[in-house]
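Enquirer: Input file: query_6.cif. Contents: mmCIF, C-alpha atoms and all ligand atoms.
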data_upload
#
loop_
_atom_site.label_atom_id
_atom_site.label_comp_id
_atom_site.auth_asym_id
_atom_site.auth_seq_id
_atom_site.Cartn_x
_atom_site.Cartn_y
_atom_site.Cartn_z
CA MET A 1 -10.06 -65.62 34.70
CA ALA A 2 -10.80 -67.82 31.67
CA ALA A 3 -11.79 -71.49 31.78
CA LEU A 4 -11.90 -73.99 28.89
CA ALA A 5 -13.62 -77.37 29.36
CA ARG A 6 -12.58 -80.21 27.05
CA SER A 7 -12.31 -83.98 27.23
CA ALA A 8 -9.38 -86.23 26.29
CA SER A 9 -9.85 -89.73 24.97
CA THR A 10 -7.69 -92.54 26.33
CA GLY A 11 -8.93 -95.01 23.67
CA ILE A 12 -11.25 -96.78 26.09
CA ASN A 13 -13.02 -93.88 27.70
CA SER A 14 -13.01 -90.13 27.65
CA VAL A 15 -11.58 -88.02 30.52
CA PRO A 16 -12.99 -84.51 30.93
CA PHE A 17 -10.60 -81.71 31.97
CA THR A 18 -10.76 -77.97 32.47
CA VAL A 19 -7.96 -75.50 31.66
CA THR A 20 -8.16 -72.36 33.75
CA VAL A 21 -6.02 -69.32 33.12
CA ALA A 22 -6.09 -66.41 35.54
CA GLU A 23 -4.31 -63.08 35.78
CA THR A 24 -4.51 -60.61 38.65
CA THR A 25 -6.04 -57.16 37.91
CA ILE A 26 -2.88 -55.54 39.26
CA ALA A 27 -0.75 -57.23 36.58
CA ARG A 28 -3.18 -56.08 33.85
CA GLN A 29 -3.09 -52.48 35.10
CA GLN A 30 0.69 -52.54 35.16
CA LEU A 31 0.66 -53.71 31.52
CA THR A 32 -1.67 -50.86 30.39
CA HIS A 33 0.48 -48.36 32.24
CA ALA A 34 3.61 -49.71 30.55
CA ILE A 35 1.99 -49.48 27.09
CA LEU A 36 0.69 -45.96 27.74
CA LEU A 37 4.01 -44.73 29.05
CA ARG A 38 5.93 -46.12 26.09
CA SER A 39 3.68 -44.50 23.49
CA ALA A 40 3.64 -41.21 25.42
CA LEU A 41 7.43 -41.19 25.47
CA ARG A 42 7.57 -41.96 21.76
CA ILE A 43 5.22 -39.08 20.96
CA LEU A 44 7.19 -36.76 23.24
CA PHE A 45 10.44 -37.60 21.42
CA MET A 46 8.74 -37.02 18.08
CA ILE A 47 7.48 -33.63 19.21
CA LEU A 48 10.90 -32.62 20.53
CA GLY A 49 12.54 -33.82 17.33
CA ALA A 50 10.07 -31.91 15.15
CA ALA A 51 10.53 -28.77 17.26
CA ALA A 52 14.31 -29.00 16.90
CA ILE A 53 14.05 -29.45 13.12
CA VAL A 54 11.60 -26.51 12.80
CA TRP A 55 13.80 -24.32 14.99
CA VAL A 56 16.90 -25.03 12.93
CA ALA A 57 15.02 -24.55 9.66
CA VAL A 58 13.42 -21.25 10.74
CA THR A 59 16.67 -19.88 12.12
CA LEU A 60 18.48 -20.79 8.91
CA SER A 61 15.83 -19.40 6.60
CA LEU A 62 15.37 -16.19 8.62
CA ARG A 63 19.10 -15.47 8.67
CA PRO A 64 18.89 -13.32 5.51
CA LEU A 65 16.10 -11.32 7.16
CA TYR A 66 18.28 -10.74 10.22
CA ARG A 67 21.08 -9.58 7.94
CA PHE A 68 18.56 -7.33 6.19
CA SER A 69 17.39 -5.78 9.46
CA GLU A 70 20.98 -5.39 10.66
CA ALA A 71 21.91 -3.67 7.40
CA LEU A 72 18.98 -1.30 7.89
CA SER A 73 19.72 -0.52 11.53
CA GLN A 74 23.40 0.20 10.86
CA ARG A 75 22.56 2.80 8.23
CA SER A 76 22.82 6.49 8.84
CA PRO A 77 19.43 8.20 8.53
CA ASP A 78 20.39 10.04 5.35
CA ASP A 79 21.63 6.93 3.56
CA LEU A 80 18.67 6.00 1.39
CA HIS A 81 20.45 3.84 -1.18
CA PRO A 82 18.64 0.63 -2.15
CA ILE A 83 19.30 -2.43 0.01
CA THR A 84 21.37 -5.04 -1.85
CA GLU A 85 21.45 -7.84 0.79
CA ARG A 86 20.71 -11.23 -0.77
CA VAL A 87 17.38 -12.52 0.50
CA PRO A 88 15.25 -15.56 -0.41
CA ASN A 89 12.73 -15.08 -3.20
CA GLU A 90 9.85 -15.08 -0.72
CA VAL A 91 11.03 -11.84 0.90
CA GLN A 92 12.44 -10.20 -2.23
CA GLY A 93 9.02 -8.53 -2.69
CA LEU A 94 9.32 -6.92 0.75
CA VAL A 95 12.84 -5.69 0.00
CA ASP A 96 11.71 -4.27 -3.34
CA THR A 97 8.87 -2.42 -1.62
CA VAL A 98 11.25 -1.00 1.00
CA ASN A 99 13.68 0.03 -1.76
CA SER A 100 11.04 1.78 -3.82
CA PHE A 101 9.81 3.53 -0.66
CA MET A 102 13.37 4.73 -0.02
CA VAL A 103 13.63 6.10 -3.54
CA ARG A 104 10.43 8.09 -3.04
CA LEU A 105 11.59 9.24 0.39
CA GLU A 106 14.88 10.38 -1.10
CA GLY A 107 12.97 12.38 -3.72
CA ALA A 108 10.79 14.02 -1.08
CA LEU A 109 13.83 14.83 1.09
CA ASP A 110 15.66 16.30 -1.90
CA ALA A 111 12.67 18.50 -2.70
CA LEU A 112 12.53 19.60 0.92
CA ARG A 113 16.27 20.41 1.02
CA HIS A 114 15.99 22.29 -2.25
CA PHE A 115 12.98 24.20 -0.96
CA THR A 116 14.48 25.14 2.42
CA GLY A 117 17.66 26.18 0.65
CA ASN A 118 15.72 28.40 -1.72
CA ALA A 119 13.50 29.77 1.04
CA GLY A 120 16.52 30.56 3.18
CA HIS A 121 18.19 32.33 0.30
CA GLN A 122 15.05 34.32 -0.48
CA LEU A 123 14.75 35.43 3.14
CA ARG A 124 18.43 36.23 3.48
CA THR A 125 18.36 38.70 0.62
CA PRO A 126 15.88 41.17 2.18
CA LEU A 127 17.54 40.77 5.58
CA ALA A 128 20.92 41.68 4.06
CA ILE A 129 19.33 44.75 2.49
CA VAL A 130 17.85 45.82 5.85
CA ARG A 131 21.24 45.43 7.51
CA THR A 132 23.05 47.42 4.81
CA GLN A 133 20.50 50.22 4.95
CA LEU A 134 20.69 50.35 8.76
CA THR A 135 24.49 50.61 8.57
CA LEU A 136 24.20 53.37 5.99
CA ALA A 137 21.69 55.25 8.14
CA ARG A 138 23.88 54.95 11.22
CA ARG A 139 26.92 56.33 9.46
CA SER A 140 25.12 59.11 7.64
CA GLY A 141 24.57 62.45 9.28
CA ASN A 142 22.18 63.59 6.60
CA LEU A 143 18.46 63.31 7.48
CA GLY A 144 17.44 62.89 3.82
CA GLU A 145 19.81 59.96 3.38
CA ILE A 146 18.63 58.39 6.61
CA GLN A 147 15.01 58.62 5.44
CA GLN A 148 15.93 57.06 2.11
CA ALA A 149 17.69 54.21 3.86
CA ALA A 150 14.68 53.69 6.13
CA GLU A 151 12.39 53.54 3.09
CA LYS A 152 14.56 50.90 1.39
CA ALA A 153 14.80 48.89 4.60
CA ASP A 154 11.03 49.09 4.96
CA GLU A 155 10.58 47.75 1.43
CA ALA A 156 12.92 44.86 2.19
CA VAL A 157 10.98 44.02 5.36
CA GLY A 158 7.82 44.02 3.23
CA ASP A 159 9.49 41.53 0.90
CA ALA A 160 10.48 39.29 3.79
CA GLU A 161 6.92 39.47 5.14
CA ARG A 162 5.48 38.43 1.79
CA ILE A 163 7.88 35.51 1.50
CA LEU A 164 7.04 34.36 5.03
CA ALA A 165 3.31 34.63 4.39
CA GLN A 166 3.60 32.53 1.23
CA LEU A 167 5.82 29.95 2.96
CA LEU A 168 3.30 29.67 5.79
CA LEU A 169 0.54 29.26 3.23
CA MET A 170 2.49 26.43 1.61
CA ALA A 171 2.83 24.73 4.99
CA ARG A 172 -0.93 25.10 5.41
CA ILE A 173 -1.55 23.44 2.05
CA ASP A 174 0.64 20.52 3.17
CA ALA A 175 -1.33 20.26 6.40
CA ALA A 176 -4.64 20.52 4.52
CA SER A 177 -3.65 17.68 2.24
CA ARG A 178 -3.47 15.50 5.33
CA SER A 179 -6.67 16.67 7.02
CA THR A 180 -8.96 18.22 4.50
CA ALA A 181 -11.73 20.51 5.63
CA MET A 182 -13.50 20.26 2.28
CA ARG A 183 -17.13 21.21 2.08
CA ASP A 184 -19.75 22.25 -0.43
CA VAL A 185 -19.09 25.90 -1.27
CA ASP A 186 -20.63 28.36 -3.72
CA LEU A 187 -17.67 29.44 -5.85
CA VAL A 188 -19.56 32.46 -7.25
CA ASP A 189 -19.99 33.84 -3.74
CA LEU A 190 -16.41 33.08 -2.73
CA ALA A 191 -14.73 34.50 -5.85
CA ARG A 192 -16.96 37.59 -5.89
CA ALA A 193 -15.98 38.40 -2.29
CA VAL A 194 -12.25 38.05 -3.06
CA THR A 195 -12.64 40.20 -6.20
CA ALA A 196 -14.44 42.90 -4.20
CA GLU A 197 -11.52 42.98 -1.73
CA HIS A 198 -9.17 43.88 -4.59
CA VAL A 199 -11.22 46.69 -6.11
CA PRO A 200 -9.39 49.50 -4.22
CA ARG A 201 -6.01 48.13 -5.31
CA ALA A 202 -7.23 47.81 -8.90
CA ALA A 203 -8.40 51.42 -8.85
CA GLU A 204 -5.02 52.50 -7.52
CA ALA A 205 -3.27 50.63 -10.34
CA GLY A 206 -5.67 52.05 -12.94
CA ILE A 207 -7.04 48.62 -13.81
CA ASP A 208 -10.63 47.73 -14.57
CA LEU A 209 -11.36 44.74 -12.33
CA GLY A 210 -14.62 42.94 -13.03
CA PHE A 211 -16.51 39.85 -11.93
CA ASP A 212 -18.51 37.55 -14.17
CA GLY A 213 -20.71 34.82 -12.70
CA GLU A 214 -24.36 34.24 -11.89
CA GLY A 215 -26.44 31.98 -9.71
CA GLU A 216 -24.70 29.28 -7.77
CA VAL A 217 -21.77 27.13 -8.82
CA MET A 218 -21.20 24.58 -6.10
CA ALA A 219 -17.98 22.63 -5.62
CA VAL A 220 -16.48 20.63 -2.77
CA VAL A 221 -13.47 22.74 -1.73
CA GLU A 222 -11.49 24.10 1.20
CA PRO A 223 -12.80 27.70 1.08
CA ILE A 224 -9.78 29.39 2.70
CA LEU A 225 -7.37 27.79 0.24
CA ILE A 226 -9.53 28.54 -2.80
CA GLY A 227 -9.76 32.13 -1.52
CA GLU A 228 -5.94 32.23 -1.47
CA LEU A 229 -5.82 30.77 -4.97
CA VAL A 230 -8.09 33.54 -6.34
CA LYS A 231 -6.13 36.18 -4.36
CA ASN A 232 -2.84 35.05 -5.87
CA LEU A 233 -4.23 35.10 -9.42
CA VAL A 234 -5.92 38.50 -9.04
CA SER A 235 -2.82 40.01 -7.37
CA ASN A 236 -0.69 38.77 -10.26
CA ALA A 237 -3.07 40.23 -12.83
CA LEU A 238 -3.15 43.59 -11.01
CA LEU A 239 0.63 43.58 -10.72
CA TYR A 240 1.62 42.51 -14.21
CA ALA A 241 -1.24 43.47 -16.56
CA GLY A 242 -0.29 47.15 -16.51
CA THR A 243 -2.22 50.42 -16.23
CA GLY A 244 -5.40 50.55 -18.32
CA ALA A 245 -5.73 46.80 -18.51
CA GLU A 246 -8.90 44.84 -17.88
CA VAL A 247 -8.99 41.96 -15.42
CA THR A 248 -11.95 39.61 -15.19
CA VAL A 249 -12.64 36.97 -12.57
CA ARG A 250 -15.12 34.45 -13.93
CA VAL A 251 -16.98 31.52 -12.36
CA GLY A 252 -19.18 29.21 -14.35
CA SER A 253 -19.77 25.57 -15.17
CA GLU A 254 -18.82 23.62 -18.25
CA GLN A 255 -20.16 20.14 -18.86
CA GLY A 256 -21.24 19.97 -15.26
CA LEU A 257 -17.79 20.90 -13.89
CA ALA A 258 -17.16 24.10 -11.93
CA VAL A 259 -14.71 26.42 -13.71
CA LEU A 260 -12.87 29.39 -12.24
CA GLU A 261 -10.97 31.79 -14.49
CA VAL A 262 -8.87 34.92 -14.03
CA GLU A 263 -8.20 36.70 -17.31
CA ASP A 264 -6.31 39.87 -18.16
CA ASN A 265 -5.30 41.65 -21.36
CA GLY A 266 -1.79 42.63 -20.28
CA PRO A 267 1.48 41.29 -21.66
CA GLY A 268 0.74 37.68 -20.58
CA ILE A 269 3.32 34.93 -20.20
CA SER A 270 4.91 33.48 -23.33
CA SER A 271 3.91 29.87 -23.91
CA THR A 272 7.52 28.71 -23.44
CA ARG A 273 7.63 30.20 -19.91
CA ARG A 274 4.26 28.91 -18.74
CA GLU A 275 5.61 25.67 -17.34
CA ALA A 276 8.58 27.36 -15.65
CA VAL A 277 6.54 29.94 -13.71
CA LEU A 278 4.76 27.08 -11.92
CA LYS A 279 8.08 26.17 -10.28
CA ARG A 280 8.87 27.65 -6.89
CA PHE A 281 10.84 30.92 -6.86
CA GLU A 282 10.65 31.27 -10.67
CA ARG A 283 9.82 34.82 -11.63
CA GLY A 284 9.28 36.30 -15.04
CA ASP A 285 10.98 39.33 -16.59
CA ALA A 286 8.42 41.36 -14.70
CA GLY A 287 10.22 40.27 -11.54
CA ALA A 288 13.37 41.85 -12.87
CA HIS A 289 11.44 45.04 -13.50
CA GLY A 290 11.27 45.65 -9.80
CA ARG A 291 7.77 44.39 -9.01
CA PRO A 292 7.57 43.00 -5.48
CA GLY A 293 7.07 39.25 -5.45
CA THR A 294 8.33 35.93 -4.26
CA GLY A 295 7.91 33.59 -7.22
CA LEU A 296 5.68 31.47 -5.00
CA GLY A 297 2.28 32.72 -6.18
CA LEU A 298 1.67 30.42 -9.14
CA PRO A 299 3.27 27.35 -7.49
CA ILE A 300 0.83 27.88 -4.60
CA VAL A 301 -2.06 28.12 -7.07
CA ASP A 302 -0.82 24.92 -8.68
CA GLU A 303 -0.61 23.08 -5.36
CA ILE A 304 -4.03 24.20 -4.19
CA ALA A 305 -5.52 23.10 -7.52
CA ARG A 306 -3.78 19.74 -7.26
CA LEU A 307 -5.00 19.27 -3.68
CA HIS A 308 -8.56 19.72 -4.97
CA GLY A 309 -8.02 17.38 -7.91
CA ALA A 310 -8.62 20.39 -10.16
CA LYS A 311 -6.96 21.00 -13.54
CA LEU A 312 -4.93 24.20 -13.84
CA SER A 313 -4.11 25.68 -17.23
CA LEU A 314 -2.41 28.87 -18.41
CA ALA A 315 -3.51 30.18 -21.80
CA ASP A 316 -3.70 33.34 -23.88
CA GLY A 317 -6.42 35.78 -22.95
CA ALA A 318 -9.19 36.81 -25.34
CA GLY A 319 -7.86 37.82 -28.77
CA GLY A 320 -4.47 36.19 -28.03
CA LYS A 321 -3.58 39.00 -25.63
CA GLY A 322 -2.81 38.71 -21.93
CA LEU A 323 -3.10 35.69 -19.67
CA LYS A 324 -6.05 33.45 -18.83
CA VAL A 325 -5.61 31.14 -15.88
CA CYS A 326 -8.26 28.46 -15.78
CA VAL A 327 -9.05 26.06 -12.92
CA VAL A 328 -11.47 23.24 -13.72
CA PHE A 329 -12.73 21.41 -10.65
CA SER A 330 -13.44 17.74 -10.95
CA GLY A 331 -16.82 16.69 -9.60
CA ALA A 332 -15.19 14.26 -7.23
CA ALA A 333 -13.11 16.81 -5.30
N1 LIG B 1 -1.19 37.92 -15.11
C1 LIG B 1 0.12 37.88 -15.45
N2 LIG B 1 0.56 38.57 -16.54
C2 LIG B 1 1.86 38.51 -16.89
N3 LIG B 1 2.82 37.82 -16.22
C3 LIG B 1 2.43 37.15 -15.13
C4 LIG B 1 1.08 37.13 -14.70
N4 LIG B 1 1.00 36.35 -13.58
C5 LIG B 1 2.25 35.90 -13.35
N5 LIG B 1 3.12 36.38 -14.26
C6 LIG B 1 4.57 36.07 -14.34
O1 LIG B 1 4.80 34.86 -13.66
C7 LIG B 1 5.82 35.02 -12.67
C8 LIG B 1 5.55 34.15 -11.50
O2 LIG B 1 4.39 34.56 -10.80
P1 LIG B 1 4.23 34.19 -9.29
O3 LIG B 1 4.49 32.74 -9.14
O4 LIG B 1 2.93 34.72 -8.81
O5 LIG B 1 5.42 34.93 -8.58
P2 LIG B 1 5.60 36.48 -8.32
O6 LIG B 1 4.30 37.17 -8.63
O7 LIG B 1 5.94 36.56 -6.89
O8 LIG B 1 6.71 36.90 -9.21
C9 LIG B 1 5.78 36.49 -12.34
O9 LIG B 1 7.06 36.93 -11.90
C10 LIG B 1 5.39 37.13 -13.65
O10 LIG B 1 6.52 37.36 -14.46
MG MG B 2 2.49 36.57 -7.76
#
Could I get this structure in the form of structure tokens?

Expert:
Amino acid sequence: MAALARSASTGINSVPFTVTVAETTIARQQLTHAILLRSALRILFMILGAAAIVWVAVTLSLRPLYRFSEALSQRSPDDLHPITERVPNEVQGLVDTVNSFMVRLEGALDALRHFTGNAGHQLRTPLAIVRTQLTLARRSGNLGEIQQAAEKADEAVGDAERILAQLLLMARIDAASRSTAMRDVDLVDLARAVTAEHVPRAAEAGIDLGFDGEGEVMAVVEPILIGELVKNLVSNALLYAGTGAEVTVRVGSEQGLAVLEVEDNGPGISSTRREAVLKRFERGDAGAHGRPGTGLGLPIVDEIARLHGAKLSLADGAGGKGLKVCVVFSGAA
């Protein structure tokens, strides 16, 4: 309630009066409620309106992404062509990344197909020989011929075994590149042990196999794989250097980096062929001369070196004769 006291003049005298205005509390509360309700409704409509606008805008702008995902899901798994759906600039980066990933995936798949094709072919050849020799032996009544067939079949089985062992080794390198069991290893110790294993075979082949390395040369490596690397290089040298040759396995350090070398003074590999023999299933002329082999030895050496971040090089041996394979380990392996 509000009261205002005033006085009015009649000209002769003044008459006091009071104006009183009153409102009930119920009416005031109803007014506040009405105001509150109105503004709440207004805000609610604004929120709903904004939500509708955002929904429409998001749906519209995401439509290219839906098309993109539909295009991807409708593809057959071997279709790795780049995606050409039109997308807004903001997501073009994503599409480019996916496309470049698909290109790399395609490359890897191609390599895998090529490799399995080659591996299958390499395994099929010895198996076909075994089958032919078995057929010959079955038809022949002559014991000498049967023995000869058995010998040839045995050789072919040996070939198949070698190929399988190398393929399994390659699979192990792939696995190792994912979970490396690298540790600090003395390369002198490791290489000397592998060399010693090959001494009987060297003697058989009439080759002088020696080891050169003193003290300790430490490097962070996967010892089993580095053992395989040395084995492959020494086996090659024993196989291709020829009777009377000298083969040296050497471990040392140059400018603080561990270096492993296998050198022989045999016929070597001509500089034009050195890149080719690092490819899988590539064999030199020596292969044609009937030496057992798979053409996987040097590629395996190459992969093991790469896995260790080491640098592999093929060069002439001392005096320009023979082959020197050199593996330089980086300190950060
Ligand atoms: N120490 C070597 N001296 C001469 N030729 C070699 C030597 N090592 C490798 N080669 C050549 O390189 C080729 C590829 O070697 P590799 O990859 O180990 O396959 P493989 O020994 O099974 O043929 C061999 O076929 C051979 O012609
Ligand atoms: Mg070999």

Enquirer: Using only C-alpha atoms and all ligand atoms for the distances, tell me which of A:Arg162, A:His198, A:Arg250, A:Arg75 is nearest to ligand LIG 1 (chain B).

Expert: A:Arg162

Enquirer: Identify, on the basis of only C-alpha atoms, every residue whose closest approach to Ala202 in chain A does not exceed 10 Å; exclude the query and any residue fewer than 3 positions from it along the same chain; express the result as a PyMOL selection string.

Expert: chain A and resi 195-199+205-210+234-235+237-239+243-247

Enquirer: Identify, counting all atoms listed in the file, the protein, DNA and RNA residues located within 8 Å of ligand MG 2 (chain B), and give them as number ranges by chain.

Expert: A: 232-233, 235-236, 239, 293-298

Enquirer: Between CA of His81 in chain A and CA of Asp96 in chain A, what distance in Å does the model show, to one decimal?

Expert: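 Going from CA of His81 in chain A over to CA of Asp96 in chain A, I get 12.1 Å.
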
Enquirer: Just checking: using all atoms listed in the file, which residue out of A:Met182, A:Leu187, A:Leu257, A:Val230 ends up closest to ligand LIG 1 (chain B)?

Expert: A:Val230

Enquirer: Which value, in Å to one decimal, gives the distance between CA of Val130 in chain A and CA of Glu282 in chain A?

Expert: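 Answer for the CA of Val130 in chain A to CA of Glu282 in chain A separation: 23.2 Å.
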
Enquirer: Interatomic distance between CA of Glu303 in chain A and CA of Val327 in chain A?

Expert: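 Value for the CA of Glu303 in chain A-CA of Val327 in chain A distance: 11.7 Å.
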
Enquirer: Point out the residue among A:Ser330, A:Thr20, A:Ser271, A:Asn142 with the least atom-to-atom distance to ligand LIG 1 (chain B), counting all atoms listed in the file.

Expert: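 Checking each candidate against ligand LIG 1 (chain B), we get A:Ser271 as the closest.
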